[in-house]
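For reference, target22.tsv (TSV, C-alpha atoms and all ligand atoms):
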```tsv
chain	number	residue	atom	x	y	z
A	25	MET	CA	-9.32	16.07	11.54
A	26	LYS	CA	-5.68	15.21	10.80
A	27	SER	CA	-4.90	14.43	7.21
A	28	PHE	CA	-2.11	12.30	5.69
A	29	LYS	CA	-1.01	11.52	2.16
A	30	ILE	CA	-0.08	7.84	1.83
A	31	LEU	CA	1.41	5.97	-1.13
A	32	THR	CA	1.28	2.17	-1.01
A	33	VAL	CA	4.00	0.45	-3.06
A	34	CYS	CA	4.66	-3.09	-4.31
A	35	LEU	CA	6.49	-4.50	-7.34
A	36	GLY	CA	3.90	-4.57	-10.11
A	37	ASN	CA	1.17	-2.27	-8.67
A	38	ILE	CA	-1.50	-4.79	-9.67
A	39	CYS	CA	-1.85	-7.14	-6.64
A	40	ARG	CA	-0.78	-5.89	-3.20
A	41	SER	CA	-0.54	-2.10	-3.33
A	42	PRO	CA	-3.93	-1.51	-5.03
A	43	ALA	CA	-5.47	-3.81	-2.40
A	44	ALA	CA	-3.67	-1.92	0.38
A	45	GLN	CA	-4.98	1.36	-1.01
A	46	GLY	CA	-8.57	0.10	-1.10
A	47	ILE	CA	-8.40	-1.40	2.40
A	48	LEU	CA	-6.78	1.70	3.90
A	49	GLU	CA	-9.48	3.87	2.34
A	50	THR	CA	-12.18	1.74	3.96
A	51	VAL	CA	-10.47	1.55	7.36
A	52	ALA	CA	-9.88	5.33	7.38
A	53	LYS	CA	-13.56	6.06	6.72
A	54	ASN	CA	-14.38	4.86	10.24
A	55	SER	CA	-11.47	6.66	11.88
A	56	ARG	CA	-10.38	10.06	13.13
A	57	VAL	CA	-7.93	10.64	10.25
A	58	PHE	CA	-8.43	11.67	6.65
A	59	LEU	CA	-6.24	9.86	4.14
A	60	GLU	CA	-5.36	10.86	0.60
A	61	LEU	CA	-4.24	7.63	-1.04
A	62	ASP	CA	-2.53	6.38	-4.14
A	63	SER	CA	-0.52	3.28	-5.08
A	64	ALA	CA	2.46	2.59	-7.34
A	65	GLY	CA	4.94	-0.11	-8.34
A	66	THR	CA	8.71	-0.13	-8.29
A	67	ALA	CA	8.59	-1.90	-11.69
A	68	ALA	CA	7.00	-0.77	-14.95
A	69	TYR	CA	5.68	-4.17	-16.10
A	70	HIS	CA	1.99	-3.31	-15.96
A	71	LEU	CA	1.75	0.44	-16.63
A	72	GLY	CA	-1.85	1.56	-17.18
A	73	ASN	CA	-3.31	-1.85	-16.31
A	74	LYS	CA	-6.08	-2.29	-13.81
A	75	PRO	CA	-5.43	-4.53	-10.78
A	76	ASP	CA	-5.09	-8.30	-11.20
A	77	SER	CA	-8.55	-9.89	-11.47
A	78	ARG	CA	-7.79	-12.09	-8.43
A	79	SER	CA	-7.02	-9.02	-6.32
A	80	ILE	CA	-10.21	-7.31	-7.52
A	81	ALA	CA	-12.22	-10.46	-6.69
A	82	SER	CA	-10.77	-10.94	-3.21
A	83	LEU	CA	-11.57	-7.34	-2.28
A	84	ARG	CA	-15.02	-7.51	-3.85
A	85	GLN	CA	-15.80	-10.29	-1.34
A	86	VAL	CA	-15.58	-7.63	1.39
A	87	ASN	CA	-17.33	-4.92	-0.66
A	88	ILE	CA	-14.22	-2.98	-1.59
A	89	ASP	CA	-13.98	-1.93	-5.24
A	90	ILE	CA	-10.42	-1.50	-6.53
A	91	SER	CA	-11.31	-2.05	-10.19
A	92	ARG	CA	-10.87	1.58	-11.20
A	93	GLN	CA	-7.20	1.82	-10.21
A	94	SER	CA	-4.54	1.95	-12.91
A	95	ALA	CA	-0.92	0.85	-12.46
A	96	ARG	CA	1.90	3.38	-12.46
A	97	GLN	CA	5.55	3.42	-11.46
A	98	VAL	CA	6.97	5.25	-8.44
A	99	CYS	CA	8.69	8.55	-9.38
A	100	GLU	CA	10.90	11.05	-7.58
A	101	GLU	CA	8.01	13.49	-7.12
A	102	ASP	CA	6.26	10.92	-4.93
A	103	PHE	CA	8.93	11.38	-2.27
A	104	HIS	CA	8.05	15.09	-2.08
A	105	ASN	CA	4.26	14.72	-2.37
A	106	PHE	CA	3.49	12.02	0.19
A	107	ASP	CA	3.83	11.93	3.99
A	108	TRP	CA	4.31	8.17	4.05
A	109	ILE	CA	5.43	5.71	1.40
A	110	VAL	CA	4.74	2.18	2.59
A	111	ALA	CA	6.45	-0.80	0.93
A	112	MET	CA	4.96	-4.29	0.92
A	113	ASP	CA	8.24	-6.19	1.24
A	114	LYS	CA	11.96	-5.76	1.85
A	115	ALA	CA	12.83	-5.74	-1.85
A	116	ASN	CA	10.31	-2.94	-2.49
A	117	LEU	CA	11.75	-1.03	0.46
A	118	ALA	CA	15.33	-1.42	-0.78
A	119	ASN	CA	14.32	-0.19	-4.25
A	120	LEU	CA	12.53	2.81	-2.74
A	121	LYS	CA	15.53	3.69	-0.55
A	122	GLU	CA	17.69	3.80	-3.69
A	123	LEU	CA	15.31	6.27	-5.33
A	124	GLN	CA	14.72	8.36	-2.20
A	125	PRO	CA	16.11	11.92	-2.58
A	126	ALA	CA	18.00	13.44	0.36
A	127	ASP	CA	15.32	16.08	0.92
A	128	ALA	CA	12.36	13.68	0.79
A	129	ARG	CA	9.26	14.68	2.72
A	130	ALA	CA	7.96	11.12	2.90
A	131	ARG	CA	8.76	8.60	5.60
A	132	VAL	CA	9.65	5.43	3.71
A	133	VAL	CA	8.94	2.26	5.68
A	134	MET	CA	7.81	-1.32	5.27
A	135	PHE	CA	4.01	-1.33	5.70
A	136	GLY	CA	4.10	-4.22	8.16
A	137	GLU	CA	6.73	-2.42	10.25
A	138	PHE	CA	5.51	1.17	10.18
A	139	SER	CA	6.76	1.77	13.72
A	140	GLU	CA	9.08	0.01	16.14
A	141	LEU	CA	5.97	-1.57	17.71
A	142	ALA	CA	4.47	-2.93	14.49
A	143	GLN	CA	5.65	-6.46	13.66
A	144	PHE	CA	3.47	-7.71	10.85
A	145	GLY	CA	6.37	-8.66	8.58
A	146	GLU	CA	6.35	-8.62	4.80
A	147	VAL	CA	3.20	-8.89	2.70
A	148	ASP	CA	3.90	-11.93	0.50
A	149	ASP	CA	3.59	-11.56	-3.24
A	150	PRO	CA	0.51	-13.61	-4.27
A	151	TYR	CA	1.04	-13.19	-8.04
A	152	TYR	CA	2.39	-16.67	-8.82
A	153	GLY	CA	0.12	-18.56	-6.43
A	154	GLY	CA	-3.58	-19.45	-6.23
A	155	ASP	CA	-6.70	-17.61	-5.08
A	156	GLU	CA	-6.10	-18.52	-1.41
A	157	GLY	CA	-2.97	-16.36	-1.50
A	158	PHE	CA	-5.14	-13.37	-2.34
A	159	VAL	CA	-7.44	-14.02	0.61
A	160	HIS	CA	-4.40	-14.31	2.88
A	161	MET	CA	-3.06	-11.05	1.39
A	162	ARG	CA	-6.37	-9.30	2.08
A	163	GLU	CA	-6.47	-10.46	5.70
A	164	HIS	CA	-2.83	-9.53	6.29
A	165	LEU	CA	-3.33	-6.08	4.73
A	166	THR	CA	-6.46	-5.54	6.82
A	167	SER	CA	-4.60	-6.23	10.08
A	168	ILE	CA	-1.78	-3.90	9.10
A	169	SER	CA	-4.18	-1.18	7.89
A	170	GLN	CA	-6.15	-1.20	11.15
A	171	ALA	CA	-2.96	-0.90	13.22
A	172	PHE	CA	-1.50	1.74	10.89
A	173	VAL	CA	-4.62	3.93	11.00
A	174	ALA	CA	-4.73	3.57	14.81
A	175	HIS	CA	-1.09	4.72	14.84
A	176	LEU	CA	-1.88	7.73	12.63
A	177	GLU	CA	-4.68	8.68	15.05
A	178	THR	CA	-2.06	9.05	17.79
A	179	LEU	CA	0.17	11.44	15.78
B	1	LIG	P1	2.43	-7.04	-6.92
B	1	LIG	O1	2.52	-8.50	-7.58
B	1	LIG	O2	3.85	-6.55	-6.77
B	1	LIG	O3	1.78	-7.29	-5.61
B	1	LIG	O4	1.60	-6.19	-7.86
B	1	LIG	C1	3.20	-8.75	-8.78
B	1	LIG	C2	2.62	-8.43	-9.97
B	1	LIG	C3	3.27	-8.71	-11.16
B	1	LIG	C4	4.51	-9.30	-11.13
B	1	LIG	C5	5.11	-9.61	-9.93
B	1	LIG	C6	4.45	-9.31	-8.75
B	1	LIG	N1	5.16	-9.61	-12.35
B	1	LIG	O5	6.26	-10.20	-12.30
B	1	LIG	O6	4.64	-9.29	-13.43
```
Please render this file's structure as C-alpha cells.
Amino acid sequence: MKSFKILTVCLGNICRSPAAQGILETVAKNSRVFLELDSAGTAAYHLGNKPDSRSIASLRQVNIDISRQSARQVCEEDFHNFDWIVAMDKANLANLKELQPADARARVVMFGEFSELAQFGEVDDPYYGGDEGFVHMREHLTSISQAFVAHLETL
C-alpha cells in the first residue's frame, strides 16, 4: 500500500486544519493509501490549544473525534518531513511559500486545488461566524478529502 505524509495547514490550527486532518484520516481508512497526518497553523495565536469547540462538535456529528489534537505552528522541518503540505486558503498558501526552503521535499498546494483538475476553491475561515459555518466547512473538507485521496490512489 502506498503511503504519504500529509500536513494540513490553516491560520490558527484550531478550526479548519484539525478538521481536515480528522476527515482525511477517516477517508483514507477506506482507501488504498496509508496516510500519516498532522496539522499546523501559520500563526502562533493558539499554541498548545485543542481545536475550537465548534469544530470538535461539527466533526463529532459524523463520528470523527478531533478533540485530542493540539495546535502548533508550521516550521521549516515540516517542508522536509512531509510529502504534501496543503493550505486551506490563498493567504495560508502565500505564507507557506515564503517559508518554503529551496530544497523542500513537500509539494505545497492549496487543498482545494491539489491538482490542475481539482477546483474546490478556498476553505472559508469559519472562526468569526456561527455554527452553520462549521457544518459548511466540514462538508467542503469532506468533498476535497475524497477527491484528494482518490488522486493519491492514482500516484
Ligand atoms: P483556523 O481559524 O485558521 O481555521 O484555525 C482561525 C482560528 C483563529 C483565528 C483565526 C482563524 N484567530 O484570529 O485567532
When you look at segment 45-61 of chain A with a cut-off of 12 Å (counting all atoms listed in the file), what residues show up, excluding the ones that are within fewer than 6 positions of it in the same chain? I need them as an NGL selection string.
:A and (25-34 or 37-39 or 75 or 79-80 or 82-84 or 86-94 or 102 or 105-112 or 135 or 161-179)
Enumerate residues in contact with ligand LIG 1 (chain B): an atom-to-atom distance of at most 12 Å, counting all atoms listed in the file. Format the result as a ChimeraX atom specification.
/A:32-45,63-71,73-80,94-97,111-116,146-153,157-158,161-162,165
Select, from A:Leu117, A:Arg129, A:Gln85, A:Glu122, the residue with the minimum atom-to-atom distance to Glu101 of chain A, counting all atoms listed in the file.
A:Arg129
Between atom CA of Met134 of chain A and atom CA of Lys121 of chain A, what distance in Å does the model show, to one decimal?
10.9 Å
May I ask for the distance between atom CA of Gly154 of chain A and atom CA of Gly72 of chain A, given in Å to one decimal place?
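Answer for the atom CA of Gly154 of chain A to atom CA of Gly72 of chain A separation: 23.8 Å.
Across the structure, atom CA of Gln124 of chain A and atom CA of Glu100 of chain A are spaced 7.1 Å apart.
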What are the centre and the three edge lengths of an axis-aligned box that wraps all atoms of segment 36-43 of chain A in the file, given that 8 Å is added to every side, written as lines of an AutoDock Vina configuration file and rounded to one decimal in Å?
```
center_x = -0.8
center_y = -4.3
center_z = -6.3
size_x = 25.4
size_y = 21.6
size_z = 23.7
```
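Candidate residues A:Val159, A:Ala118, A:Val133, A:Ala126 were compared for distance to Ala81 of chain A, and the nearest is A:Val159, using only C-alpha atoms.
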Take segment 114-129 of chain A, bring it up to N, CA, C and O atoms, and give me the output as a short mmCIF file (atom, residue, chain, number, x, y, z; two decimals), in the coordinates of the input.
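Final output, rebuild-v9.cif:
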```cif
data_model
loop_
_atom_site.label_atom_id
_atom_site.label_comp_id
_atom_site.auth_asym_id
_atom_site.auth_seq_id
_atom_site.Cartn_x
_atom_site.Cartn_y
_atom_site.Cartn_z
N LYS A 114 10.61 -6.32 1.67
CA LYS A 114 11.96 -5.76 1.85
C LYS A 114 12.59 -5.35 0.53
O LYS A 114 13.36 -4.39 0.47
N ALA A 115 12.28 -6.09 -0.53
CA ALA A 115 12.83 -5.74 -1.85
C ALA A 115 12.25 -4.40 -2.32
O ALA A 115 12.97 -3.54 -2.83
N ASN A 116 10.93 -4.23 -2.13
CA ASN A 116 10.31 -2.94 -2.49
C ASN A 116 10.95 -1.81 -1.70
O ASN A 116 11.24 -0.74 -2.24
N LEU A 117 11.18 -2.07 -0.40
CA LEU A 117 11.75 -1.03 0.46
C LEU A 117 13.17 -0.66 0.01
O LEU A 117 13.51 0.52 -0.08
N ALA A 118 13.96 -1.69 -0.33
CA ALA A 118 15.33 -1.42 -0.78
C ALA A 118 15.32 -0.61 -2.08
O ALA A 118 16.11 0.33 -2.24
N ASN A 119 14.42 -0.95 -3.00
CA ASN A 119 14.32 -0.19 -4.25
C ASN A 119 13.91 1.26 -3.99
O ASN A 119 14.43 2.18 -4.62
N LEU A 120 12.97 1.44 -3.07
CA LEU A 120 12.53 2.81 -2.74
C LEU A 120 13.66 3.62 -2.13
O LEU A 120 13.84 4.80 -2.44
N LYS A 121 14.44 2.98 -1.23
CA LYS A 121 15.53 3.69 -0.55
C LYS A 121 16.58 4.16 -1.57
O LYS A 121 17.21 5.19 -1.38
N GLU A 122 16.74 3.39 -2.65
CA GLU A 122 17.69 3.80 -3.69
C GLU A 122 17.21 5.03 -4.45
O GLU A 122 18.01 5.85 -4.89
N LEU A 123 15.89 5.14 -4.58
CA LEU A 123 15.31 6.27 -5.33
C LEU A 123 15.12 7.50 -4.46
O LEU A 123 14.98 8.61 -4.96
N GLN A 124 15.10 7.30 -3.14
CA GLN A 124 14.72 8.36 -2.20
C GLN A 124 15.69 9.54 -2.25
O GLN A 124 16.88 9.38 -1.98
N PRO A 125 15.22 10.75 -2.60
CA PRO A 125 16.11 11.92 -2.58
C PRO A 125 16.43 12.35 -1.15
O PRO A 125 15.67 12.05 -0.23
N ALA A 126 17.55 13.05 -0.98
CA ALA A 126 18.00 13.44 0.36
C ALA A 126 16.99 14.33 1.07
O ALA A 126 16.85 14.26 2.29
N ASP A 127 16.27 15.14 0.30
CA ASP A 127 15.32 16.08 0.92
C ASP A 127 13.87 15.57 0.85
O ASP A 127 12.93 16.36 0.78
N ALA A 128 13.71 14.26 0.86
CA ALA A 128 12.36 13.68 0.79
C ALA A 128 11.51 14.13 1.96
O ALA A 128 11.99 14.24 3.09
N ARG A 129 10.24 14.38 1.67
CA ARG A 129 9.26 14.68 2.72
C ARG A 129 8.74 13.37 3.33
O ARG A 129 8.45 13.29 4.52
#
```
